[in-house]
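Q: My questions will all concern the structure given below.
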Amino acid sequence: MGSVDSSPETAGTRSADDAGLIDPELRAFLEAQPTIDITITNLALVREASMLPLAPPPAVPVAISRRLVPGPGGAPDIPVLIYRPEGAGGALGCIFHIHGGGYVAGTAAAMEPVNLSLADALGCAVVSVDYRLAPETPFPGPLHDCHAALRWLAAHVADLGIDPAAIGVLGESAGGGLAAALALLDRDCGERLLAFQHLVYPMLDDRTCVRESAHPFAGRHVWTARSNHFGWASYLGRKPGSAEIDYLAAPGRCEDLAGLPPAYISTGALDLFVDEDMDYARRLSRAGVPVELALYPGAVHGFDLLPGTAIGERARRDRVAALGRALASARRGAAR
């Protein structure tokens with residue numbers, strides 16, 4: 001296990017009042033559920049809470065199976081959850097899903113309600129990977145787990161009934177960071193297994209922890225600067241912002257984004273990651289990568305996972321629509 005420095009740098013200070021900027025429905029939730037900073041002291045409790053499903057599973061006709069796939073280079077087997085609409089025939093498009101949790105928490109099972117809904121709404125398969133967590137397994141272990149699971153998926157498309165030309169990656173938060181890194185690794189290896197990348201408030205750049213010009217209103221709720229510092233230090237095994245961090249660990253550091261699959265990036269205007277996410281979208285576009293950016297005013301980290309809010313419902317509708325377009329485009333491209 002690498003050393004973990006859990007103390008944030010100057011980017012953690014906030015003086016401006018953001019109360020008037022938060023969506024009123026989200027503000028009511030935040031007042032009822034105070035934000036806590038994640039540290040090594042409370043990590044076990046955070047992990048226990050993160051194992052719980054986000055909501056009751058929807059009653060949809062989607063079959064669920066669990067597989068153990070070979071880990072990378074002799075590492076432990078990797079659990080994956082597979083969702084497939086019942087009665088669906090032929091080769092389906094597939095979403096390869098990577099859960100969030102700041103690189104230190106979260107499970108595939110906790111996202112089951114979301115993945116069941118996606119499989120049902122889009123008529124596609126969803127394969128969700130349970131990668132190893134930091135700090136016990138720092139970079140590159142979690143990314144290599146995801147890569148090994150993606151390679152397994154690509155090698156078994158015939159058995160799973162999946163269209164190999166219509167596999168895209170979806171991740172939220174740290175899962176979005178891993179999804180972006182997986183797209184880079186897939187490009188660098190020349191495998192081209194991914195047709196698109198869908199990044200939901202992705203955790204892309206460790207340098208956010210140490211930038212003095214921090215966003216004055218972002219990152220005060222849900223995922224804070226202190227939690228961010230702990231998550232990055234756990235994943236990197238060293239202080240965030242250090243020199244010579246591999247861009248596969250922090251995709252925001254990658255200077256060459258050419259040749260990546262089309263991207264959809266969504267984030268909240270008050271999310272700690274808003275600046276790094278918008279910058280990544282801008283640089284993808286400048287590299288010739290088709291990219292769509294959705295920015296939600298008044299939204300904090302994880303806002304789309306909260307039930308009963310209009311802005312969360314809008315983000316979920318936008319996600320389904322964007323994923324549907326990406327899957328359809330991949331299948332049209334393969335048919336040409």
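Ordering of the structure tokens sets the chain letters (A, B, ...); residue numbers start at 1 within each chain; ligands are numbered from 1 in the order shown.
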Using DSSP on the backbone coordinates, identify the residues of segment 61-269 of chain A assigned to strand (DSSP E); present them as a count of residues only.

A: 50

Q: Taking the DSSP assignment computed from this structure's backbone, write out as JSON, numbers by chain all residues of segment 73-244 of chain A that belong to helix (DSSP H, G or I).

A: {"A": [73, 74, 109, 110, 111, 112, 113, 114, 115, 116, 117, 118, 119, 120, 121, 122, 141, 142, 143, 144, 145, 146, 147, 148, 149, 150, 151, 152, 153, 154, 155, 157, 158, 159, 160, 174, 175, 176, 177, 178, 179, 180, 181, 182, 183, 184, 185, 186, 187, 188, 206, 207, 208, 209, 225, 226, 227, 228, 229, 230, 231, 232, 233, 234, 235, 236]}

Q: Env of Ser117 of chain A: 8 Å cut, atoms = only C-alpha atoms, seq-sep filter 3 positions within chain, self excluded. Answer as a PyMOL selection string.

A: chain A and resi 58+60+113-114+120-121

Q: Of the candidates A:Ala250, A:Ile162, A:Ala63, A:Met278, which shows the shortest atom-to-atom distance to Pro85 of chain A, using only C-alpha atoms?

A: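 For Pro85 of chain A, the nearest of the given residues is A:Ala63.
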
Q: Counting only C-alpha atoms, what are the residues of segment 61-140 of chain A within 12 Å of segment 180-193 of chain A, and for each of them which pair of atoms is the nearest and at what distance in Å, to one decimal? Sort the table by chain and rising number, as CSV.

A:
```
residue,atom,partner,partner_atom,distance
A:Cys94,CA,A:Leu193,CA,11.4
A:Ile95,CA,A:Leu193,CA,11.8
A:Phe96,CA,A:Leu182,CA,10.7
A:His97,CA,A:Leu182,CA,11.2
A:Ile98,CA,A:Leu182,CA,10.0
A:Phe139,CA,A:Ala181,CA,11.2
A:Pro140,CA,A:Ala181,CA,10.4
```

Q: Can I get the residues of segment 263-318 of chain A within 9 Å of segment 205-218 of chain A, each with the closest pair of atoms and their distance in Å to one decimal, using only C-alpha atoms, sorted chain first then ascending number, as a tab-separated table?

A:
```
residue	atom	partner	partner_atom	distance
A:Gly268	CA	A:Ala218	CA	8.9
A:Ala269	CA	A:Ala218	CA	7.2
A:Leu270	CA	A:Ala218	CA	4.2
A:Asp271	CA	A:Ala218	CA	5.1
A:Leu272	CA	A:Ala218	CA	4.8
A:Phe273	CA	A:Ala218	CA	7.8
A:Val274	CA	A:Ala218	CA	7.4
A:Asp275	CA	A:His215	CA	7.5
A:Glu276	CA	A:Asp205	CA	6.6
A:Asp277	CA	A:Asp205	CA	8.8
A:Val300	CA	A:Ala218	CA	7.8
```

Q: I need the residue nearest Leu143 of chain A from this list: A:Ala249, A:Cys124, A:Ala322, A:Ala287. Use only C-alpha atoms for the distance.

A: A:Ala249

Q: Between atom CA of Gln33 of chain A and atom CA of Lys239 of chain A, measure the distance and give it in Å to one decimal.

A: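 Value for the atom CA of Gln33 of chain A-atom CA of Lys239 of chain A distance: 29.6 Å.
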
Q: Rounded to one decimal, what separation in Å do you get between atom CA of Val129 of chain A and atom CA of Gly73 of chain A?

A: 17.1 Å

Q: So which one's closest to Leu150 of chain A, A:Val69, A:Asp279, A:Glu136, A:Gly175? Using only C-alpha atoms, please.

A: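 Checking each candidate against Leu150 of chain A, we get A:Val69 as the closest.
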